[in-house]
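First the structure, in the form of structure tokens, and then the observations on it.
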Amino acid sequence: KFLEIGCADAFAARFVQQAVGELTAVDFDPIFIEDVKQRMNPKWPLNCFVHDMLKGPVPGTYHGIYALDVLEHIRPEDEHAFITNMLGSLDPHGIVVVGMPSLESQDYASPISRAGHVNCKSMPDLKSLLEQYFHNVFVFSMNDEMIHTGFYKMAQYLMALCCDRR
């Protein structure tokens with residue numbers, strides 16, 4: 001049982017559904033959720049509803065949660081509420097995956113993209129933040145769809161796998 005936070009158009013849902021038993025997707029924007037529901041294929045059913053992670057946990061308990069391209073849109077002063085509410089929906093032995101554009105990549109981002117990215121982080125800062133909530137945080141770099149453990153300052157994107165929550 002997995003949860004996608006900030007699903008937008010739920011583009012990756014079918015990929016994830018092939019590997020998990022059940023997927024729920026939430027977004028704070030009702031326009032996205034309505035679009036996902038209208039385009040949903042009956043062969044790939046998806047639980048999908050409006051939820052604002054800053055207001056509280058998603059009802060239920062999930063074995064895994066992922067939030068890709070979400071944290072950079074959460075103001076630093078709201079990080080704790082966002083992560084705490086995420087953990088409120090996580091099974092005690094569950095995992096979390098967080099992905100975001102790196103702080104270093106923002107020099108090359110468009111002005112429109114940068115305007116919405118209010119909280120990009122460097123790899124050490126992302127790891128430090130998530131280690132406040134998890135005993136084990138593994139951060140990977142990503143460039144051109146290639147995930148690696150290379151030099152993080154050249155990474156365009158960061159992916160963190162978090163487990164063993166505090």
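Chain labels run A, B, ... following the order of the structure tokens; each chain numbers its residues from 1, and ligands are numbered from 1 in the order shown.
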(request) Show which residues sit within 12 Å of Pro124 in chain A, as number ranges by chain. Count only C-alpha atoms, and ignore same-chain residues fewer than 4 positions away. (result) A: 102-104, 120, 128-131, 137-141, 151-153, 158, 160
Please produce a file of the residues just selected, as an mmCIF file, in the first residue's frame, where the atoms kept are N, CA and C atoms.
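Contents of the output file result-v6.cif:
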data_model
loop_
_atom_site.group_PDB
_atom_site.id
_atom_site.type_symbol
_atom_site.label_atom_id
_atom_site.label_comp_id
_atom_site.auth_asym_id
_atom_site.auth_seq_id
_atom_site.Cartn_x
_atom_site.Cartn_y
_atom_site.Cartn_z
ATOM 1 N N SER A 102 18.140 19.850 -7.495
ATOM 2 C CA SER A 102 19.199 20.283 -6.585
ATOM 3 C C SER A 102 19.285 21.806 -6.549
ATOM 4 N N LEU A 103 19.794 22.300 -5.459
ATOM 5 C CA LEU A 103 20.027 23.735 -5.342
ATOM 6 C C LEU A 103 20.965 24.207 -6.448
ATOM 7 N N GLU A 104 21.986 23.410 -6.722
ATOM 8 C CA GLU A 104 22.977 23.775 -7.735
ATOM 9 C C GLU A 104 22.370 23.876 -9.128
ATOM 10 N N CYS A 120 14.724 24.619 -2.770
ATOM 11 C CA CYS A 120 15.675 23.627 -3.279
ATOM 12 C C CYS A 120 16.815 23.491 -2.276
ATOM 13 N N SER A 128 20.597 16.164 5.735
ATOM 14 C CA SER A 128 20.509 16.644 7.111
ATOM 15 C C SER A 128 19.053 16.835 7.547
ATOM 16 N N LEU A 129 18.250 17.402 6.675
ATOM 17 C CA LEU A 129 16.826 17.585 6.997
ATOM 18 C C LEU A 129 16.164 16.239 7.252
ATOM 19 N N LEU A 130 16.330 15.302 6.341
ATOM 20 C CA LEU A 130 15.637 14.022 6.451
ATOM 21 C C LEU A 130 16.176 13.161 7.588
ATOM 22 N N GLU A 131 17.440 13.348 7.962
ATOM 23 C CA GLU A 131 17.994 12.606 9.094
ATOM 24 C C GLU A 131 17.387 13.033 10.424
ATOM 25 N N VAL A 137 19.204 7.550 5.744
ATOM 26 C CA VAL A 137 18.859 8.364 4.573
ATOM 27 C C VAL A 137 19.969 8.159 3.542
ATOM 28 N N PHE A 138 19.569 7.660 2.384
ATOM 29 C CA PHE A 138 20.500 7.415 1.283
ATOM 30 C C PHE A 138 20.146 8.386 0.164
ATOM 31 N N VAL A 139 21.066 9.282 -0.178
ATOM 32 C CA VAL A 139 20.788 10.284 -1.196
ATOM 33 C C VAL A 139 21.576 9.949 -2.455
ATOM 34 N N PHE A 140 20.870 9.986 -3.569
ATOM 35 C CA PHE A 140 21.450 9.699 -4.873
ATOM 36 C C PHE A 140 21.350 10.936 -5.743
ATOM 37 N N SER A 141 22.292 11.066 -6.654
ATOM 38 C CA SER A 141 22.266 12.150 -7.636
ATOM 39 C C SER A 141 21.603 11.636 -8.898
ATOM 40 N N PHE A 151 29.387 12.920 -7.981
ATOM 41 C CA PHE A 151 29.617 14.242 -7.408
ATOM 42 C C PHE A 151 28.303 15.034 -7.345
ATOM 43 N N TYR A 152 27.783 15.217 -6.136
ATOM 44 C CA TYR A 152 26.452 15.790 -5.977
ATOM 45 C C TYR A 152 26.346 17.236 -6.458
ATOM 46 N N LYS A 153 27.430 17.985 -6.445
ATOM 47 C CA LYS A 153 27.348 19.390 -6.861
ATOM 48 C C LYS A 153 27.053 19.533 -8.354
ATOM 49 N N LEU A 158 18.027 15.336 -7.011
ATOM 50 C CA LEU A 158 18.410 14.522 -5.858
ATOM 51 C C LEU A 158 17.271 13.582 -5.503
ATOM 52 N N ALA A 160 16.203 10.866 -2.421
ATOM 53 C CA ALA A 160 16.542 10.363 -1.089
ATOM 54 C C ALA A 160 15.638 9.191 -0.742
#
(request) With a distance cut-off of 8 Å and only C-alpha atoms, select the neighbouring residues of Tyr157 in chain A, excluding the residue or stretch itself and same-chain residues fewer than 3 positions from it, and output the selection as a list in words. (result)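 Answer for this query is Gly99, Met100, Pro101, Ser102, Ser105, Ser141, Met142 and Asn143 of chain A.
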Taking N, CA, C and O atoms for each residue, export the selection above as a PDB file, in the first residue's frame.
ATOM      1  N   GLY A  99      12.199  13.309  -3.885  1.00  0.00           N
ATOM      2  CA  GLY A  99      13.005  13.762  -5.013  1.00  0.00           C
ATOM      3  C   GLY A  99      12.786  15.238  -5.259  1.00  0.00           C
ATOM      4  O   GLY A  99      11.662  15.739  -5.108  1.00  0.00           O
ATOM      5  N   MET A 100      13.866  15.937  -5.606  1.00  0.00           N
ATOM      6  CA  MET A 100      13.758  17.369  -5.862  1.00  0.00           C
ATOM      7  C   MET A 100      14.916  17.846  -6.723  1.00  0.00           C
ATOM      8  O   MET A 100      15.989  17.244  -6.713  1.00  0.00           O
ATOM      9  N   PRO A 101      14.716  18.945  -7.453  1.00  0.00           N
ATOM     10  CA  PRO A 101      15.847  19.542  -8.169  1.00  0.00           C
ATOM     11  C   PRO A 101      16.895  20.007  -7.157  1.00  0.00           C
ATOM     12  O   PRO A 101      16.551  20.487  -6.080  1.00  0.00           O
ATOM     13  N   SER A 102      18.140  19.850  -7.495  1.00  0.00           N
ATOM     14  CA  SER A 102      19.199  20.283  -6.585  1.00  0.00           C
ATOM     15  C   SER A 102      19.285  21.806  -6.549  1.00  0.00           C
ATOM     16  O   SER A 102      18.897  22.488  -7.507  1.00  0.00           O
ATOM     17  N   SER A 105      21.317  23.113  -9.397  1.00  0.00           N
ATOM     18  CA  SER A 105      20.692  23.127 -10.733  1.00  0.00           C
ATOM     19  C   SER A 105      19.922  24.411 -11.000  1.00  0.00           C
ATOM     20  O   SER A 105      19.613  24.725 -12.153  1.00  0.00           O
ATOM     21  N   SER A 141      22.292  11.066  -6.654  1.00  0.00           N
ATOM     22  CA  SER A 141      22.266  12.150  -7.636  1.00  0.00           C
ATOM     23  C   SER A 141      21.603  11.636  -8.898  1.00  0.00           C
ATOM     24  O   SER A 141      21.576  10.433  -9.158  1.00  0.00           O
ATOM     25  N   MET A 142      21.092  12.574  -9.693  1.00  0.00           N
ATOM     26  CA  MET A 142      20.468  12.184 -10.949  1.00  0.00           C
ATOM     27  C   MET A 142      20.792  13.223 -12.011  1.00  0.00           C
ATOM     28  O   MET A 142      20.693  14.424 -11.766  1.00  0.00           O
ATOM     29  N   ASN A 143      21.198  12.744 -13.166  1.00  0.00           N
ATOM     30  CA  ASN A 143      21.425  13.577 -14.341  1.00  0.00           C
ATOM     31  C   ASN A 143      20.902  12.813 -15.548  1.00  0.00           C
ATOM     32  O   ASN A 143      21.234  11.629 -15.704  1.00  0.00           O
TER      33      ASN A 143
END
(request) Choose the residue, out of A:His148, A:His73, A:Lys127, A:His80, that has the smallest atom-to-atom separation from Ala115 in chain A; count only C-alpha atoms. (result)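 Nearest candidate to Ala115 in chain A out of A:His148, A:His73, A:Lys127, A:His80: A:His73.
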Enumerate, as a compact mmCIF listing (two decimals) with N, CA, C and O atoms, in the first residue's frame, the complete set of residues in chain A that a backbone-based DSSP assignment places in alpha helix (DSSP H).
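This went into out-v6.txt:
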# COMPACT_ATOMS: atom_id res chain seq x y z
N ALA A 13 2.01 7.01 -12.07
CA ALA A 13 1.18 6.05 -11.33
C ALA A 13 1.21 4.65 -11.93
O ALA A 13 1.35 3.66 -11.20
N ARG A 14 1.08 4.52 -13.23
CA ARG A 14 1.06 3.19 -13.84
C ARG A 14 2.37 2.44 -13.62
O ARG A 14 2.37 1.24 -13.45
N PHE A 15 3.48 3.15 -13.64
CA PHE A 15 4.77 2.50 -13.37
C PHE A 15 4.80 1.96 -11.95
O PHE A 15 5.22 0.83 -11.72
N VAL A 16 4.36 2.78 -11.01
CA VAL A 16 4.38 2.39 -9.61
C VAL A 16 3.37 1.26 -9.36
O VAL A 16 3.66 0.30 -8.65
N GLN A 17 2.20 1.36 -9.98
CA GLN A 17 1.17 0.35 -9.77
C GLN A 17 1.63 -1.05 -10.16
O GLN A 17 1.13 -2.04 -9.63
N PRO A 30 -7.40 20.71 -6.64
CA PRO A 30 -8.54 19.92 -7.13
C PRO A 30 -8.58 19.80 -8.65
O PRO A 30 -9.12 18.83 -9.18
N ILE A 31 -7.97 20.73 -9.36
CA ILE A 31 -7.95 20.65 -10.83
C ILE A 31 -7.15 19.43 -11.27
O ILE A 31 -7.55 18.68 -12.17
N PHE A 32 -6.00 19.19 -10.64
CA PHE A 32 -5.20 18.01 -10.96
C PHE A 32 -5.97 16.73 -10.65
O PHE A 32 -5.99 15.79 -11.44
N ILE A 33 -6.58 16.67 -9.48
CA ILE A 33 -7.28 15.46 -9.06
C ILE A 33 -8.44 15.15 -10.00
O ILE A 33 -8.65 14.00 -10.40
N GLU A 34 -9.19 16.16 -10.38
CA GLU A 34 -10.31 15.96 -11.31
C GLU A 34 -9.79 15.44 -12.65
O GLU A 34 -10.39 14.54 -13.26
N ASP A 35 -8.68 15.98 -13.12
CA ASP A 35 -8.09 15.53 -14.38
C ASP A 35 -7.67 14.06 -14.28
O ASP A 35 -7.92 13.27 -15.21
N VAL A 36 -7.03 13.69 -13.20
CA VAL A 36 -6.61 12.29 -13.01
C VAL A 36 -7.83 11.37 -13.02
O VAL A 36 -7.82 10.33 -13.69
N LYS A 37 -8.87 11.76 -12.34
CA LYS A 37 -10.09 10.93 -12.29
C LYS A 37 -10.73 10.79 -13.67
O LYS A 37 -11.19 9.71 -14.04
N GLN A 38 -10.74 11.86 -14.44
CA GLN A 38 -11.35 11.81 -15.78
C GLN A 38 -10.55 10.94 -16.73
O GLN A 38 -11.12 10.30 -17.62
N ARG A 39 -9.25 10.91 -16.58
CA ARG A 39 -8.39 10.14 -17.49
C ARG A 39 -8.10 8.73 -17.00
O ARG A 39 -7.45 7.95 -17.69
N GLU A 79 8.33 23.04 6.27
CA GLU A 79 8.93 21.71 6.10
C GLU A 79 8.55 20.75 7.22
O GLU A 79 8.19 19.60 6.95
N HIS A 80 8.66 21.20 8.44
CA HIS A 80 8.39 20.31 9.58
C HIS A 80 6.95 19.81 9.54
O HIS A 80 6.71 18.60 9.72
N ALA A 81 6.00 20.68 9.29
CA ALA A 81 4.59 20.26 9.22
C ALA A 81 4.40 19.27 8.08
O ALA A 81 3.72 18.24 8.24
N PHE A 82 4.99 19.56 6.93
CA PHE A 82 4.86 18.67 5.77
C PHE A 82 5.40 17.28 6.08
O PHE A 82 4.72 16.27 5.88
N ILE A 83 6.61 17.21 6.60
CA ILE A 83 7.23 15.91 6.87
C ILE A 83 6.54 15.19 8.02
O ILE A 83 6.31 13.99 7.96
N THR A 84 6.20 15.92 9.07
CA THR A 84 5.50 15.30 10.20
C THR A 84 4.16 14.72 9.76
O THR A 84 3.80 13.61 10.15
N ASN A 85 3.43 15.43 8.93
CA ASN A 85 2.15 14.92 8.43
C ASN A 85 2.36 13.72 7.51
O ASN A 85 1.56 12.78 7.52
N MET A 86 3.42 13.74 6.73
CA MET A 86 3.75 12.59 5.90
C MET A 86 4.00 11.37 6.78
O MET A 86 3.48 10.28 6.54
N LEU A 87 4.78 11.56 7.85
CA LEU A 87 5.09 10.46 8.76
C LEU A 87 3.84 9.96 9.49
O LEU A 87 3.78 8.80 9.89
N PRO A 111 13.33 31.18 -15.34
CA PRO A 111 12.79 32.08 -14.31
C PRO A 111 11.44 31.61 -13.76
O PRO A 111 11.20 31.72 -12.55
N ILE A 112 10.60 31.04 -14.59
CA ILE A 112 9.29 30.55 -14.12
C ILE A 112 9.49 29.38 -13.16
O ILE A 112 8.85 29.31 -12.11
N SER A 113 10.38 28.48 -13.50
CA SER A 113 10.67 27.34 -12.63
C SER A 113 11.24 27.81 -11.30
O SER A 113 10.82 27.37 -10.23
N ARG A 114 12.20 28.70 -11.35
CA ARG A 114 12.83 29.22 -10.12
C ARG A 114 11.81 29.92 -9.23
O ARG A 114 11.90 29.84 -8.00
N ALA A 115 10.84 30.59 -9.82
CA ALA A 115 9.84 31.32 -9.02
C ALA A 115 9.05 30.37 -8.13
O ALA A 115 8.70 30.71 -7.00
N GLY A 116 8.77 29.17 -8.62
CA GLY A 116 8.02 28.20 -7.82
C GLY A 116 8.87 27.35 -6.91
O GLY A 116 8.37 26.70 -6.00
N MET A 123 22.67 18.49 -1.63
CA MET A 123 22.61 17.13 -1.09
C MET A 123 22.84 17.10 0.42
O MET A 123 22.06 16.48 1.15
N PRO A 124 23.88 17.76 0.95
CA PRO A 124 24.06 17.71 2.41
C PRO A 124 22.88 18.29 3.18
O PRO A 124 22.52 17.78 4.25
N ASP A 125 22.26 19.34 2.66
CA ASP A 125 21.13 19.94 3.35
C ASP A 125 19.89 19.04 3.32
O ASP A 125 19.16 18.94 4.31
N LEU A 126 19.63 18.40 2.17
CA LEU A 126 18.50 17.47 2.09
C LEU A 126 18.72 16.29 3.03
O LEU A 126 17.82 15.91 3.78
N LYS A 127 19.91 15.74 3.02
CA LYS A 127 20.23 14.60 3.90
C LYS A 127 20.08 15.00 5.37
O LYS A 127 19.47 14.28 6.16
N SER A 128 20.60 16.16 5.74
CA SER A 128 20.51 16.64 7.11
C SER A 128 19.05 16.83 7.55
O SER A 128 18.68 16.46 8.66
N LEU A 129 18.25 17.40 6.68
CA LEU A 129 16.83 17.58 7.00
C LEU A 129 16.16 16.24 7.25
O LEU A 129 15.51 16.04 8.28
N LEU A 130 16.33 15.30 6.34
CA LEU A 130 15.64 14.02 6.45
C LEU A 130 16.18 13.16 7.59
O LEU A 130 15.44 12.35 8.16
N GLU A 131 17.44 13.35 7.96
CA GLU A 131 17.99 12.61 9.09
C GLU A 131 17.39 13.03 10.42
O GLU A 131 17.53 12.33 11.42
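Restricting the calculation to only C-alpha atoms, the smallest distance between Asp9 in chain A and any of A:Met146, A:Leu54, A:Cys48, A:Val96 is found for A:Cys48.
Every protein or nucleic acid residue with an atom no more than 9 Å from Arg75 in chain A, counting only C-alpha atoms and leaving out same-chain residues fewer than 6 positions away, appears here: His117, Val118 and Asn119 of chain A.
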Suppose we keep N, CA and C atoms; can you now write the selection as a PDB file, in the first residue's frame?
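This is the output file selection_12.pdb:
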ATOM      1  N   HIS A 117      10.171  27.366  -7.132  1.00  0.00           N
ATOM      2  CA  HIS A 117      11.089  26.556  -6.322  1.00  0.00           C
ATOM      3  C   HIS A 117      11.607  27.396  -5.159  1.00  0.00           C
ATOM      4  N   VAL A 118      10.874  27.358  -4.071  1.00  0.00           N
ATOM      5  CA  VAL A 118      11.191  28.197  -2.916  1.00  0.00           C
ATOM      6  C   VAL A 118      12.063  27.486  -1.884  1.00  0.00           C
ATOM      7  N   ASN A 119      12.434  26.207  -2.171  1.00  0.00           N
ATOM      8  CA  ASN A 119      13.108  25.436  -1.124  1.00  0.00           C
ATOM      9  C   ASN A 119      14.010  24.345  -1.696  1.00  0.00           C
TER      10      ASN A 119
END
(request) Calculate how many Å separate CA of Thr61 in chain A from CA of Ala8 in chain A, rounding to one decimal. (result)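 Rounded to one decimal, the two atoms are 21.2 Å apart.
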(message) Just checking: using only C-alpha atoms, which residue out of A:Gly56, A:Gly88, A:Val20, A:Glu72 ends up closest to Gln106 in chain A?
(response) A:Glu72
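For the set A:Asp144, A:Asp69, A:Glu22, A:Glu4, the residue with the smallest atom-to-atom gap to His51 in chain A is A:Glu4, counting only C-alpha atoms.
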(request) Determine, counting only C-alpha atoms, which protein, DNA and RNA residues have an atom within 10 Å of an atom of Asp52 in chain A; residues of the same chain fewer than 5 positions away are not included. Present the result as an MDAnalysis selection string. (result) chainID A and resid 5:6 26:29 57:58 82 85
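With only C-alpha atoms taken into account, the protein and nucleic acid residues at most 7 Å from Leu3 in chain A (excluding it and anything under 2 positions from it in its own chain) are Ile5, Leu23, Thr24, Ala25, Tyr62, Gly64, Ile65 and Tyr66 of chain A.
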With C-alpha atoms retained, export the selected residues as an mmCIF file, in the first residue's frame.
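The file below, part_25.cif, is the result:
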data_model
loop_
_atom_site.group_PDB
_atom_site.id
_atom_site.type_symbol
_atom_site.label_atom_id
_atom_site.label_comp_id
_atom_site.auth_asym_id
_atom_site.auth_seq_id
_atom_site.Cartn_x
_atom_site.Cartn_y
_atom_site.Cartn_z
ATOM 1 C CA ILE A 5 2.078 13.011 -2.326
ATOM 2 C CA LEU A 23 -1.629 3.113 -4.807
ATOM 3 C CA THR A 24 -3.240 6.259 -3.465
ATOM 4 C CA ALA A 25 -2.393 9.627 -4.968
ATOM 5 C CA TYR A 62 1.020 3.262 3.993
ATOM 6 C CA GLY A 64 5.725 3.468 1.346
ATOM 7 C CA ILE A 65 5.313 7.140 0.501
ATOM 8 C CA TYR A 66 6.910 9.119 -2.268
#
(message) Going by DSSP on the backbone, which residues of range 17-162 of chain A come out as strand (DSSP E or B)? List them as a ChimeraX atom specification.
(response) /A:23-27,47-50,62-68,90-102,121,134-143,146-148,157-162
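CA of Ala12 in chain A is positioned 17.4 Å from CA of Leu161 in chain A.
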(request) Go through A:Lys121, A:Arg165, A:Thr149, A:Val70 one by one, measure the shortest atom-to-atom distance of each to Pro92 in chain A using only C-alpha atoms, and give the residue with the smallest value. (result)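 Smallest separation from Pro92 in chain A among the options: A:Arg165.
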(message) I'd like the neighbourhood of Cys163 in chain A as a list in words, where a residue qualifies if any of its atoms comes within 6 Å (using only C-alpha atoms), though same-chain residues fewer than 2 positions away should be ignored.
(response)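 Answer for this query is Ile95, Phe134, Asn136 and Arg165 of chain A.
The space separating CA of Pro42 in chain A from CA of Gln18 in chain A comes to 14.5 Å.
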